[in-house]
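*Asks:* Got a structure for you, start_29.cif, holding mmCIF, C-alpha atoms and all ligand atoms.
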data_data
loop_
_atom_site.label_atom_id
_atom_site.label_comp_id
_atom_site.auth_asym_id
_atom_site.auth_seq_id
_atom_site.Cartn_x
_atom_site.Cartn_y
_atom_site.Cartn_z
CA MET P 1 6.44 13.87 9.55
CA TYR P 2 5.73 12.11 6.31
CA ASN P 3 3.32 9.28 5.54
CA SER P 4 4.30 6.56 3.12
CA LYS P 5 2.22 5.24 0.26
CA ILE P 6 2.52 2.46 -2.28
CA ILE P 7 2.99 3.81 -5.81
CA GLY P 8 3.91 0.64 -7.73
CA LEU P 9 3.28 -3.09 -7.41
CA GLY P 10 4.47 -6.19 -9.23
CA LYS P 11 4.41 -9.95 -8.97
CA TYR P 12 6.18 -12.90 -10.53
CA LEU P 13 5.15 -16.55 -10.46
CA PRO P 14 7.18 -19.36 -12.04
CA SER P 15 5.34 -20.81 -15.05
CA ASN P 16 5.42 -24.42 -13.82
CA VAL P 17 1.96 -25.28 -12.42
CA VAL P 18 1.77 -28.22 -10.00
CA THR P 19 -1.80 -29.42 -9.46
CA ASN P 20 -3.08 -31.56 -6.62
CA SER P 21 -3.37 -34.48 -9.02
CA ASP P 22 0.34 -34.03 -9.89
CA LEU P 23 1.06 -34.47 -6.17
CA GLU P 24 -1.17 -37.57 -6.02
CA LYS P 25 1.33 -39.21 -8.38
CA ILE P 26 4.33 -38.74 -6.06
CA MET P 27 2.86 -39.06 -2.55
CA ASP P 28 -0.12 -40.57 -0.76
CA THR P 29 -2.48 -37.60 -0.88
CA SER P 30 -5.67 -36.56 -2.67
CA ASP P 31 -7.15 -33.52 -4.33
CA VAL P 32 -10.15 -33.83 -1.98
CA TRP P 33 -7.98 -33.87 1.18
CA ILE P 34 -5.91 -30.88 0.07
CA GLN P 35 -8.88 -28.79 -1.05
CA GLU P 36 -10.96 -29.60 2.02
CA ARG P 37 -8.18 -28.75 4.49
CA THR P 38 -6.45 -25.84 2.71
CA GLY P 39 -8.50 -24.67 -0.30
CA ILE P 40 -5.45 -25.14 -2.54
CA LYS P 41 -6.00 -26.46 -6.09
CA GLU P 42 -2.55 -25.78 -7.54
CA ARG P 43 0.72 -24.01 -6.82
CA ARG P 44 3.82 -22.96 -8.79
CA HIS P 45 7.12 -24.76 -8.39
CA ILE P 46 10.36 -23.60 -9.97
CA LYS P 47 11.27 -26.24 -12.51
CA LYS P 48 14.63 -27.92 -11.93
CA GLY P 49 17.15 -26.41 -14.32
CA SER P 50 15.26 -23.11 -14.65
CA ASP P 51 17.07 -19.82 -13.99
CA ASP P 52 14.56 -18.76 -11.35
CA SER P 53 15.82 -18.19 -7.82
CA THR P 54 14.56 -16.33 -4.76
CA SER P 55 16.41 -13.16 -5.79
CA SER P 56 15.70 -13.42 -9.54
CA MET P 57 11.96 -13.75 -8.89
CA GLY P 58 12.27 -10.71 -6.61
CA VAL P 59 14.02 -8.81 -9.40
CA LYS P 60 11.27 -9.67 -11.91
CA ALA P 61 8.51 -8.51 -9.53
CA SER P 62 10.53 -5.39 -8.64
CA LYS P 63 11.02 -4.34 -12.28
CA ILE P 64 7.24 -4.34 -12.77
CA ALA P 65 6.68 -2.43 -9.52
CA LEU P 66 9.33 0.13 -10.46
CA GLU P 67 7.92 0.64 -13.94
CA ARG P 68 4.43 1.17 -12.56
CA SER P 69 5.74 3.59 -9.94
CA GLY P 70 7.51 5.77 -12.51
CA ILE P 71 10.59 5.72 -10.27
CA ASP P 72 13.97 4.80 -11.71
CA ALA P 73 15.81 2.00 -9.89
CA LYS P 74 18.66 4.44 -9.14
CA GLU P 75 16.23 6.61 -7.13
CA ILE P 76 15.64 3.77 -4.64
CA ASP P 77 17.12 4.67 -1.24
CA LEU P 78 16.62 1.33 0.52
CA ILE P 79 15.77 -2.28 -0.40
CA LEU P 80 14.01 -4.51 2.12
CA PHE P 81 13.85 -8.18 1.12
CA ALA P 82 11.55 -10.48 3.10
CA THR P 83 12.17 -14.22 2.76
CA LEU P 84 12.67 -17.45 4.68
CA SER P 85 14.33 -19.06 1.66
CA PRO P 86 17.26 -16.78 0.74
CA ASP P 87 19.54 -17.73 -2.16
CA TYR P 88 22.48 -18.18 0.20
CA TYR P 89 23.00 -18.80 3.90
CA PHE P 90 24.83 -15.47 3.62
CA PRO P 91 24.82 -12.80 2.25
CA GLY P 92 21.12 -12.00 2.04
CA SER P 93 19.08 -11.83 -1.16
CA GLY P 94 18.58 -8.05 -0.92
CA VAL P 95 22.11 -7.33 -2.10
CA LEU P 96 21.66 -9.69 -5.05
CA VAL P 97 18.56 -7.77 -6.13
CA GLN P 98 20.40 -4.49 -5.71
CA ASP P 99 23.18 -5.68 -8.01
CA GLU P 100 20.74 -7.00 -10.64
CA LEU P 101 18.86 -3.71 -10.64
CA GLY P 102 22.12 -1.77 -11.07
CA ILE P 103 21.74 0.28 -7.89
CA PRO P 104 25.27 1.14 -6.76
CA ASP P 105 25.27 1.42 -2.97
CA CYS P 106 21.89 1.87 -1.31
CA PRO P 107 21.37 -0.25 1.83
CA ALA P 108 19.81 -3.64 1.07
CA MET P 109 18.50 -5.51 4.07
CA ASP P 110 16.92 -8.95 4.45
CA ILE P 111 13.97 -9.39 6.81
CA ARG P 112 13.69 -12.91 8.22
CA MET P 113 10.17 -12.98 9.64
CA GLN P 114 8.65 -15.83 7.60
CA CYS P 115 4.93 -15.47 6.79
CA SER P 116 4.86 -12.06 8.49
CA GLY P 117 7.96 -10.95 6.57
CA PHE P 118 6.24 -8.60 4.15
CA VAL P 119 4.20 -6.89 6.88
CA TYR P 120 7.37 -6.47 8.96
CA ALA P 121 9.26 -5.13 5.92
CA LEU P 122 6.54 -2.66 4.95
CA ALA P 123 6.19 -1.44 8.55
CA THR P 124 9.99 -0.99 8.70
CA ALA P 125 10.01 0.91 5.40
CA ASP P 126 7.21 3.13 6.71
CA GLN P 127 9.31 4.09 9.74
CA PHE P 128 12.30 5.07 7.56
CA ILE P 129 10.00 7.26 5.49
CA LYS P 130 8.27 8.81 8.50
CA THR P 131 11.59 9.94 9.97
CA GLY P 132 12.60 11.47 6.64
CA MET P 133 15.70 9.29 6.37
CA TYR P 134 14.67 7.75 3.04
CA LYS P 135 12.26 8.78 0.30
CA ASN P 136 11.79 5.79 -2.03
CA ILE P 137 11.91 2.21 -0.75
CA LEU P 138 11.61 -1.09 -2.61
CA VAL P 139 9.95 -3.79 -0.48
CA ILE P 140 10.08 -7.37 -1.76
CA GLY P 141 8.70 -10.72 -0.60
CA SER P 142 10.03 -13.77 -2.42
CA GLU P 143 10.14 -17.48 -1.68
CA TYR P 144 11.61 -20.54 -3.34
CA HIS P 145 10.10 -23.31 -1.23
CA SER P 146 9.75 -26.21 -3.61
CA GLY P 147 13.42 -27.25 -3.70
CA GLY P 148 13.48 -27.69 0.09
CA LEU P 149 10.27 -29.64 0.69
CA ASP P 150 9.98 -33.33 1.49
CA MET P 151 7.98 -34.35 -1.59
CA THR P 152 7.26 -37.85 -0.26
CA THR P 153 4.34 -39.10 1.82
CA ARG P 154 6.46 -38.44 4.92
CA GLY P 155 6.33 -34.66 4.29
CA ARG P 156 2.82 -34.44 2.81
CA ASN P 157 1.23 -32.41 5.64
CA ILE P 158 3.53 -29.50 4.71
CA SER P 159 4.64 -30.07 1.11
CA VAL P 160 1.14 -29.77 -0.35
CA ILE P 161 0.71 -26.30 1.17
CA PHE P 162 3.70 -24.29 -0.06
CA GLY P 163 4.46 -22.68 -3.41
CA ASP P 164 7.06 -20.41 -5.03
CA GLY P 165 6.68 -16.79 -6.13
CA ALA P 166 7.48 -13.14 -5.51
CA GLY P 167 5.80 -9.77 -5.07
CA ALA P 168 7.21 -6.28 -4.69
CA VAL P 169 6.07 -2.74 -3.98
CA VAL P 170 7.64 0.70 -4.26
CA ILE P 171 6.71 3.10 -1.49
CA THR P 172 7.40 6.79 -1.29
CA ARG P 173 6.70 9.72 1.01
CA THR P 174 3.56 11.84 0.98
CA LYS P 175 2.84 14.97 2.97
CA LYS P 176 -0.85 14.06 3.29
CA ASN P 177 -1.35 12.43 6.67
CA ASP P 178 -4.73 10.92 5.80
CA GLU P 179 -3.42 8.65 3.00
CA GLY P 180 -1.00 5.78 2.71
CA ILE P 181 0.01 3.70 5.73
CA LEU P 182 -2.04 4.89 8.69
CA HIS P 183 -1.03 2.32 11.27
CA SER P 184 1.15 -0.73 11.61
CA GLN P 185 1.69 -3.18 14.44
CA LEU P 186 4.08 -6.06 14.86
CA HIS P 187 4.27 -8.92 17.35
CA SER P 188 6.40 -11.98 18.09
CA GLU P 189 6.18 -14.84 20.57
CA GLY P 190 9.41 -16.86 20.57
CA LYS P 191 7.96 -19.35 23.03
CA TYR P 192 6.53 -21.21 20.02
CA ALA P 193 9.57 -20.91 17.73
CA LYS P 194 9.82 -24.62 17.06
CA GLU P 195 6.11 -25.21 16.29
CA LEU P 196 6.70 -24.03 12.71
CA SER P 197 10.36 -24.21 11.86
CA LEU P 198 13.24 -25.62 9.88
CA ILE P 199 15.85 -26.50 12.49
CA GLY P 200 18.79 -27.88 10.57
CA PRO P 201 21.27 -26.95 9.23
CA ASN P 202 21.95 -24.45 11.97
CA THR P 203 24.87 -23.04 13.88
CA GLY P 204 24.50 -25.76 16.51
CA ARG P 205 24.78 -28.42 13.78
CA TRP P 206 26.77 -27.14 10.84
CA VAL P 207 26.29 -28.83 7.47
CA PRO P 208 29.48 -31.00 7.59
CA GLU P 209 28.19 -32.58 10.78
CA ILE P 210 24.87 -33.51 9.11
CA ILE P 211 26.61 -34.82 5.99
CA ASN P 212 29.02 -36.91 8.07
CA LYS P 213 26.07 -38.40 9.93
CA ASN P 214 24.32 -39.12 6.61
CA ASP P 215 21.13 -40.30 8.33
CA PRO P 216 18.30 -40.84 5.80
CA ASN P 217 15.75 -40.53 8.62
CA ASP P 218 16.97 -37.10 9.70
CA VAL P 219 14.03 -34.87 8.78
CA SER P 220 15.36 -31.78 10.56
CA TYR P 221 16.39 -30.20 7.27
CA PHE P 222 12.75 -30.21 6.12
CA PRO P 223 10.19 -27.76 7.51
CA TYR P 224 8.22 -28.91 10.58
CA MET P 225 4.70 -27.70 11.39
CA ASN P 226 2.40 -28.48 14.30
CA GLY P 227 -0.58 -27.82 11.99
CA GLN P 228 -3.49 -27.71 14.42
CA PHE P 229 -1.56 -25.63 16.96
CA VAL P 230 -0.59 -23.20 14.23
CA PHE P 231 -4.22 -23.02 13.07
CA LYS P 232 -5.53 -22.21 16.57
CA ASN P 233 -2.94 -19.48 17.15
CA ALA P 234 -3.36 -18.06 13.65
CA VAL P 235 -7.09 -17.42 13.93
CA ILE P 236 -6.65 -15.70 17.32
CA ARG P 237 -3.73 -13.51 16.26
CA PHE P 238 -5.21 -12.58 12.84
CA SER P 239 -8.36 -11.45 14.61
CA GLU P 240 -6.46 -9.42 17.23
CA VAL P 241 -4.36 -7.47 14.75
CA ILE P 242 -7.27 -6.77 12.42
CA MET P 243 -9.35 -5.54 15.37
CA LYS P 244 -6.52 -3.29 16.55
CA GLY P 245 -6.03 -1.93 13.01
CA LEU P 246 -9.74 -1.09 12.82
CA GLU P 247 -9.66 0.63 16.22
CA LYS P 248 -6.62 2.72 15.33
CA ALA P 249 -8.16 3.86 12.03
CA LYS P 250 -11.59 4.30 13.64
CA TRP P 251 -13.10 2.03 11.00
CA LYS P 252 -15.87 -0.52 11.32
CA PRO P 253 -15.53 -3.91 9.58
CA SER P 254 -18.06 -2.68 7.00
CA ASP P 255 -15.65 0.17 6.12
CA ILE P 256 -12.98 -2.25 4.87
CA ASP P 257 -12.71 -2.21 1.06
CA MET P 258 -10.09 -4.97 0.97
CA LEU P 259 -8.61 -7.25 3.60
CA ILE P 260 -5.55 -9.08 2.34
CA PRO P 261 -4.70 -11.85 4.77
CA HIS P 262 -1.44 -13.74 4.41
CA GLN P 263 -2.44 -16.73 2.28
CA ALA P 264 -1.71 -19.38 4.94
CA ASN P 265 -4.73 -21.56 4.41
CA LEU P 266 -8.15 -20.73 2.93
CA ARG P 267 -9.84 -22.09 6.08
CA ILE P 268 -7.99 -19.53 8.23
CA SER P 269 -9.04 -16.68 5.89
CA GLN P 270 -12.64 -17.89 5.89
CA PHE P 271 -12.68 -18.09 9.70
CA VAL P 272 -11.46 -14.48 9.93
CA GLN P 273 -13.91 -13.31 7.25
CA LYS P 274 -16.82 -14.84 9.14
CA LYS P 275 -15.67 -13.47 12.49
CA PHE P 276 -15.70 -9.90 11.16
CA GLY P 277 -18.85 -10.42 9.07
CA LEU P 278 -17.07 -9.49 5.82
CA SER P 279 -18.43 -10.23 2.36
CA ASP P 280 -16.45 -12.13 -0.29
CA ASN P 281 -15.80 -8.78 -2.02
CA GLN P 282 -13.99 -7.46 1.06
CA VAL P 283 -11.43 -10.28 1.33
CA TYR P 284 -8.88 -11.26 -1.31
CA ASN P 285 -7.77 -14.90 -1.59
CA ASN P 286 -5.62 -16.52 -4.25
CA ILE P 287 -4.17 -19.43 -2.27
CA GLN P 288 -6.31 -21.67 -4.48
CA ARG P 289 -3.94 -20.92 -7.39
CA TYR P 290 -0.58 -20.33 -5.73
CA GLY P 291 -0.57 -22.20 -2.42
CA ASN P 292 1.12 -20.54 0.54
CA THR P 293 4.04 -18.42 -0.67
CA THR P 294 4.96 -17.18 2.83
CA ALA P 295 6.55 -13.68 2.66
CA ALA P 296 5.47 -13.34 -0.99
CA SER P 297 1.79 -14.09 -0.42
CA ILE P 298 0.64 -10.60 0.61
CA PRO P 299 2.47 -8.62 -2.11
CA ILE P 300 1.29 -11.11 -4.77
CA ALA P 301 -2.32 -10.87 -3.55
CA LEU P 302 -2.11 -7.08 -3.18
CA THR P 303 -0.79 -6.77 -6.74
CA GLU P 304 -3.54 -8.99 -8.14
CA ALA P 305 -6.29 -7.18 -6.23
CA TRP P 306 -4.97 -3.87 -7.59
CA GLU P 307 -4.63 -5.25 -11.13
CA GLU P 308 -8.24 -6.48 -10.96
CA GLY P 309 -9.41 -2.98 -10.00
CA LYS P 310 -10.46 -4.07 -6.51
CA ILE P 311 -8.21 -1.46 -4.88
CA ASN P 312 -8.48 2.16 -6.04
CA ASN P 313 -7.70 5.67 -4.83
CA GLY P 314 -9.18 6.07 -1.38
CA SER P 315 -9.71 2.32 -0.79
CA LYS P 316 -9.42 1.25 2.84
CA VAL P 317 -7.05 -1.71 2.94
CA ILE P 318 -5.82 -3.95 5.74
CA LEU P 319 -2.92 -6.38 5.41
CA ALA P 320 -2.66 -9.03 8.13
CA ALA P 321 -0.18 -11.86 8.68
CA PHE P 322 0.67 -14.65 11.07
CA GLY P 323 3.47 -17.17 10.84
CA SER P 324 6.54 -18.90 12.14
CA GLY P 325 8.19 -17.36 15.17
CA PHE P 326 5.37 -17.04 16.04
CA THR P 327 5.16 -13.61 14.43
CA TRP P 328 2.13 -11.59 13.44
CA GLY P 329 1.12 -8.07 12.50
CA SER P 330 -1.09 -5.83 10.41
CA ILE P 331 -0.98 -2.69 8.33
CA THR P 332 -3.93 -0.36 7.86
CA MET P 333 -3.78 1.94 4.86
CA LYS P 334 -5.82 4.28 2.71
CA TRP P 335 -4.86 3.86 -0.95
N1 LIG F 1 -2.84 -35.78 2.22
C1 LIG F 1 -3.58 -36.73 2.80
N2 LIG F 1 -3.57 -36.98 4.11
C2 LIG F 1 -2.80 -36.19 4.89
C3 LIG F 1 -2.00 -35.17 4.34
C4 LIG F 1 -2.03 -34.97 2.95
N3 LIG F 1 -1.33 -34.02 2.34
N4 LIG F 1 -1.34 -34.56 5.36
C5 LIG F 1 -1.72 -35.17 6.48
N5 LIG F 1 -2.59 -36.15 6.21
C6 LIG F 1 -3.25 -37.08 7.13
C7 LIG F 1 -2.50 -37.23 8.43
O1 LIG F 1 -1.50 -38.20 8.29
C8 LIG F 1 -3.60 -37.65 9.35
O2 LIG F 1 -3.88 -39.01 9.16
P1 LIG F 1 -4.26 -39.97 10.41
O3 LIG F 1 -5.51 -39.39 10.96
O4 LIG F 1 -4.42 -41.29 9.76
O5 LIG F 1 -3.09 -39.86 11.34
C9 LIG F 1 -4.82 -36.89 8.86
O6 LIG F 1 -4.50 -36.51 7.50
C10 LIG F 1 -5.11 -35.66 9.65
O7 LIG F 1 -3.88 -34.98 9.86
P2 LIG F 1 -3.82 -33.63 10.64
O8 LIG F 1 -2.40 -33.12 10.62
O9 LIG F 1 -4.50 -33.79 11.95
O10 LIG F 1 -4.67 -32.75 9.66
P3 LIG F 1 -5.44 -31.45 9.95
O11 LIG F 1 -6.88 -31.69 9.85
O12 LIG F 1 -4.92 -30.74 11.14
O13 LIG F 1 -5.01 -30.61 8.69
C11 LIG F 1 -3.48 -28.85 8.15
C12 LIG F 1 -3.64 -30.31 8.47
C13 LIG F 1 -4.20 -28.52 6.86
C14 LIG F 1 -2.03 -28.48 8.00
C15 LIG F 1 -4.14 -28.07 9.30
O14 LIG F 1 -3.57 -28.43 10.54
C16 LIG F 1 -4.03 -26.63 9.15
O15 LIG F 1 -4.75 -26.06 8.40
N6 LIG F 1 -3.13 -26.01 9.90
C17 LIG F 1 -2.92 -24.59 9.86
C18 LIG F 1 -1.57 -24.32 9.57
C19 LIG F 1 -1.38 -23.84 8.20
O16 LIG F 1 -2.24 -23.60 7.42
N7 LIG F 1 -0.16 -23.57 7.94
C20 LIG F 1 0.18 -22.99 6.73
C21 LIG F 1 1.57 -22.60 6.78
S1 LIG F 1 1.98 -21.72 8.17
C22 LIG F 1 1.47 -20.19 7.95
O17 LIG F 1 1.46 -19.72 6.86
C23 LIG F 1 1.06 -19.48 9.11
#
How would this structure read if it were set down as structure tokens?
Ligand code: ACO
*Replies:*
Amino acid sequence: MYNSKIIGLGKYLPSNVVTNSDLEKIMDTSDVWIQERTGIKERRHIKKGSDDSTSSMGVKASKIALERSGIDAKEIDLILFATLSPDYYFPGSGVLVQDELGIPDCPAMDIRMQCSGFVYALATADQFIKTGMYKNILVIGSEYHSGGLDMTTRGRNISVIFGDGAGAVVITRTKKNDEGILHSQLHSEGKYAKELSLIGPNTGRWVPEIINKNDPNDVSYFPYMNGQFVFKNAVIRFSEVIMKGLEKAKWKPSDIDMLIPHQANLRISQFVQKKFGLSDNQVYNNIQRYGNTTAASIPIALTEAWEEGKINNGSKVILAAFGSGFTWGSITMKW
């Protein structure tokens, strides 16, 4: 049996910065409200007319990850692309990345697990490596939220939170069983599917039906979030999966060198940090600068933490996520 380890990381953020005061100009909100509730100061939005897309941001992050890994794109055996905002309804964005990277025919699979997408994708990649089926896997998280948000006061409880961006990692096999991904766990609870969702268009209401109805009050094609319910579930599930990851690795909270929580909301991260008694140096947050980038948030944060020298050989790292589905999970790894 092999273990899998990350050997290259990359990120890409669109250059267009949208501050809270920019949002104040287009909806009834305030910098104070946004910072108090979410910790967010600014986020990136793809500028209308720019060439950026979900897949192209994924490609840009992937090229950096590949270069840092020393692995040629043609040596990639599998692409896993986590997103809730794919370029097209079908096919998935993974095949678009494959084509852009010039990889002829490796499997390219989309993972539709929202905020937990990257954790699900990395855990899936780990299984393919453990069985020996694949050697080098490219795992991407990318989101283009801004074009689909209700940027009016009506949608303010959600629109202020989300941002665009992408992160990617290259993982490969190692024969050492005490390094790389040590444990992963995944969970879902479909009972709460609609508490954080974008319902329409869907196969029960195809697009022509919505267009024919042409109802300006139909908000079903914007994301919906039961914010306080999501918050309560998030803090419970984050804590459970981090605890389980610690137990499996036989680590204490003080052993953690870096916890990278999905950047849902700074208040959620702070709650978790306090619960486990972690110092600021043990938890990485960048939601202040990028907002919530859903499946991209963990690979972007992981890349930044590594770039800043906060993750090194031997570092004990935990990734943890919670999101729409509900879905949640964690990955425990030794760098
Ligand atoms: N600006 C100003 N006022 C606002 C805004 C805004 N952007 N959004 C909502 N409000 C108003 C509401 O209209 C409401 O006004 P009212 O009291 O006059 O009716 C008031 O603020 C309070 O609204 P709540 O929705 O109760 O606000 P809450 O304190 O719950 O904060 C928030 C909302 C930040 C979303 C919170 O519920 C939360 O943190 N939820 C966690 C979910 C989360 O972070 N999701 C992230 C994405 S999902 C994920 O990644 C897992």
*Asks:* Could you tell me which of P:Ser239, P:Ser53, P:Asn20, P:Thr131 comes closest to ligand LIG 1 (chain F) if we count all atoms listed in the file?
*Replies:*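 Residue with the minimum atom-to-atom distance to ligand LIG 1 (chain F): P:Asn20.
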*Asks:* Which of these residues is nearest to P:Thr172, using all atoms listed in the file: P:Leu319, P:Leu138, P:Val230, P:Leu80?
*Replies:*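 Residue with the minimum atom-to-atom distance to P:Thr172: P:Leu138.
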*Asks:* Write out as a compact mmCIF listing (two decimals) with C-alpha atoms, in the coordinates of the input the residues lying within 10 Å of stretch 10-12 of chain P, counting all atoms listed in the file and excluding same-chain residues fewer than 6 positions away.
*Replies:*
# COMPACT_ATOMS: atom_id res chain seq x y z
CA SER P 56 15.70 -13.42 -9.54
CA MET P 57 11.96 -13.75 -8.89
CA GLY P 58 12.27 -10.71 -6.61
CA VAL P 59 14.02 -8.81 -9.40
CA LYS P 60 11.27 -9.67 -11.91
CA ALA P 61 8.51 -8.51 -9.53
CA SER P 62 10.53 -5.39 -8.64
CA LYS P 63 11.02 -4.34 -12.28
CA ILE P 64 7.24 -4.34 -12.77
CA ALA P 65 6.68 -2.43 -9.52
CA LEU P 66 9.33 0.13 -10.46
CA GLU P 67 7.92 0.64 -13.94
CA ARG P 68 4.43 1.17 -12.56
CA SER P 69 5.74 3.59 -9.94
CA ILE P 140 10.08 -7.37 -1.76
CA GLY P 141 8.70 -10.72 -0.60
CA SER P 142 10.03 -13.77 -2.42
CA ASP P 164 7.06 -20.41 -5.03
CA GLY P 165 6.68 -16.79 -6.13
CA ALA P 166 7.48 -13.14 -5.51
CA GLY P 167 5.80 -9.77 -5.07
CA ALA P 168 7.21 -6.28 -4.69
CA VAL P 169 6.07 -2.74 -3.98
CA VAL P 170 7.64 0.70 -4.26
CA ALA P 296 5.47 -13.34 -0.99
CA SER P 297 1.79 -14.09 -0.42
CA PRO P 299 2.47 -8.62 -2.11
CA ILE P 300 1.29 -11.11 -4.77
CA ALA P 301 -2.32 -10.87 -3.55
CA LEU P 302 -2.11 -7.08 -3.18
CA THR P 303 -0.79 -6.77 -6.74
CA GLU P 304 -3.54 -8.99 -8.14
CA TRP P 306 -4.97 -3.87 -7.59
CA GLU P 307 -4.63 -5.25 -11.13
*Asks:* Given only C-alpha atoms as the basis, pick out the residue of P:Gly163, P:Gly309, P:Pro253, P:Gly204 nearest to P:Thr294.
*Replies:*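 Closest to P:Thr294 of all the choices is P:Gly163.
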*Asks:* Enumerate residues in contact with ligand LIG 1 (chain F): an atom-to-atom distance of at most 9 Å, counting all atoms listed in the file. Format the result as number ranges by chain.
*Replies:* P: 23-24, 27-34, 36-38, 114-116, 153-162, 196, 225-234, 262-268, 292-295, 321-324, 326-327
*Asks:* Please, could you write that set of residues out with C-alpha atoms as a PDB file, in the coordinates of the input?
*Replies:*
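The file below, part38.pdb, is the result:
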ATOM      1  CA  LEU P  23       1.060 -34.470  -6.170  1.00  0.00           C
ATOM      2  CA  GLU P  24      -1.170 -37.570  -6.020  1.00  0.00           C
ATOM      3  CA  MET P  27       2.860 -39.060  -2.550  1.00  0.00           C
ATOM      4  CA  ASP P  28      -0.120 -40.570  -0.760  1.00  0.00           C
ATOM      5  CA  THR P  29      -2.480 -37.600  -0.880  1.00  0.00           C
ATOM      6  CA  SER P  30      -5.670 -36.560  -2.670  1.00  0.00           C
ATOM      7  CA  ASP P  31      -7.150 -33.520  -4.330  1.00  0.00           C
ATOM      8  CA  VAL P  32     -10.150 -33.830  -1.980  1.00  0.00           C
ATOM      9  CA  TRP P  33      -7.980 -33.870   1.180  1.00  0.00           C
ATOM     10  CA  ILE P  34      -5.910 -30.880   0.070  1.00  0.00           C
ATOM     11  CA  GLU P  36     -10.960 -29.600   2.020  1.00  0.00           C
ATOM     12  CA  ARG P  37      -8.180 -28.750   4.490  1.00  0.00           C
ATOM     13  CA  THR P  38      -6.450 -25.840   2.710  1.00  0.00           C
ATOM     14  CA  GLN P 114       8.650 -15.830   7.600  1.00  0.00           C
ATOM     15  CA  CYS P 115       4.930 -15.470   6.790  1.00  0.00           C
ATOM     16  CA  SER P 116       4.860 -12.060   8.490  1.00  0.00           C
ATOM     17  CA  THR P 153       4.340 -39.100   1.820  1.00  0.00           C
ATOM     18  CA  ARG P 154       6.460 -38.440   4.920  1.00  0.00           C
ATOM     19  CA  GLY P 155       6.330 -34.660   4.290  1.00  0.00           C
ATOM     20  CA  ARG P 156       2.820 -34.440   2.810  1.00  0.00           C
ATOM     21  CA  ASN P 157       1.230 -32.410   5.640  1.00  0.00           C
ATOM     22  CA  ILE P 158       3.530 -29.500   4.710  1.00  0.00           C
ATOM     23  CA  SER P 159       4.640 -30.070   1.110  1.00  0.00           C
ATOM     24  CA  VAL P 160       1.140 -29.770  -0.350  1.00  0.00           C
ATOM     25  CA  ILE P 161       0.710 -26.300   1.170  1.00  0.00           C
ATOM     26  CA  PHE P 162       3.700 -24.290  -0.060  1.00  0.00           C
ATOM     27  CA  LEU P 196       6.700 -24.030  12.710  1.00  0.00           C
ATOM     28  CA  MET P 225       4.700 -27.700  11.390  1.00  0.00           C
ATOM     29  CA  ASN P 226       2.400 -28.480  14.300  1.00  0.00           C
ATOM     30  CA  GLY P 227      -0.580 -27.820  11.990  1.00  0.00           C
ATOM     31  CA  GLN P 228      -3.490 -27.710  14.420  1.00  0.00           C
ATOM     32  CA  PHE P 229      -1.560 -25.630  16.960  1.00  0.00           C
ATOM     33  CA  VAL P 230      -0.590 -23.200  14.230  1.00  0.00           C
ATOM     34  CA  PHE P 231      -4.220 -23.020  13.070  1.00  0.00           C
ATOM     35  CA  LYS P 232      -5.530 -22.210  16.570  1.00  0.00           C
ATOM     36  CA  ASN P 233      -2.940 -19.480  17.150  1.00  0.00           C
ATOM     37  CA  ALA P 234      -3.360 -18.060  13.650  1.00  0.00           C
ATOM     38  CA  HIS P 262      -1.440 -13.740   4.410  1.00  0.00           C
ATOM     39  CA  GLN P 263      -2.440 -16.730   2.280  1.00  0.00           C
ATOM     40  CA  ALA P 264      -1.710 -19.380   4.940  1.00  0.00           C
ATOM     41  CA  ASN P 265      -4.730 -21.560   4.410  1.00  0.00           C
ATOM     42  CA  LEU P 266      -8.150 -20.730   2.930  1.00  0.00           C
ATOM     43  CA  ARG P 267      -9.840 -22.090   6.080  1.00  0.00           C
ATOM     44  CA  ILE P 268      -7.990 -19.530   8.230  1.00  0.00           C
ATOM     45  CA  ASN P 292       1.120 -20.540   0.540  1.00  0.00           C
ATOM     46  CA  THR P 293       4.040 -18.420  -0.670  1.00  0.00           C
ATOM     47  CA  THR P 294       4.960 -17.180   2.830  1.00  0.00           C
ATOM     48  CA  ALA P 295       6.550 -13.680   2.660  1.00  0.00           C
ATOM     49  CA  ALA P 321      -0.180 -11.860   8.680  1.00  0.00           C
ATOM     50  CA  PHE P 322       0.670 -14.650  11.070  1.00  0.00           C
ATOM     51  CA  GLY P 323       3.470 -17.170  10.840  1.00  0.00           C
ATOM     52  CA  SER P 324       6.540 -18.900  12.140  1.00  0.00           C
ATOM     53  CA  PHE P 326       5.370 -17.040  16.040  1.00  0.00           C
ATOM     54  CA  THR P 327       5.160 -13.610  14.430  1.00  0.00           C
TER      55      THR P 327
END
*Asks:* Can you work out which one of P:Ser254, P:Gln185, P:Gln35, P:Thr19 has the shortest atom-to-atom distance to P:Ala320, counting all atoms listed in the file?
*Replies:*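 Counting all atoms listed in the file, the residue closest to P:Ala320 is P:Gln185.
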*Asks:* What is the distance, in Å and to one decimal place, between atom CA of P:Ser55 and atom CA of P:Ile40?
*Replies:*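 Computing the Euclidean distance for atom CA of P:Ser55 and atom CA of P:Ile40 yields 25.1 Å.
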*Asks:* Between atom CA of P:Ser269 and atom CA of P:Asn286, what is the distance, to one decimal in Å?
*Replies:*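 Distance reported for this atom pair: 10.7 Å.
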*Asks:* Rank P:Ile211, P:Ile311, P:Pro261, P:Asn217 by their smallest atom-to-atom distance to P:Val235, using only C-alpha atoms, and report the top residue only.
*Replies:* P:Pro261
*Asks:* Compute the distance from (4.8, -2.3, 10.3) to each atom, counting only C-alpha atoms, keep the residues with any atom at most 8 Å away, and return them as a PyMOL selection string; use the coordinates of the file.
*Replies:* chain P and resi 119-127+183-186+329-331
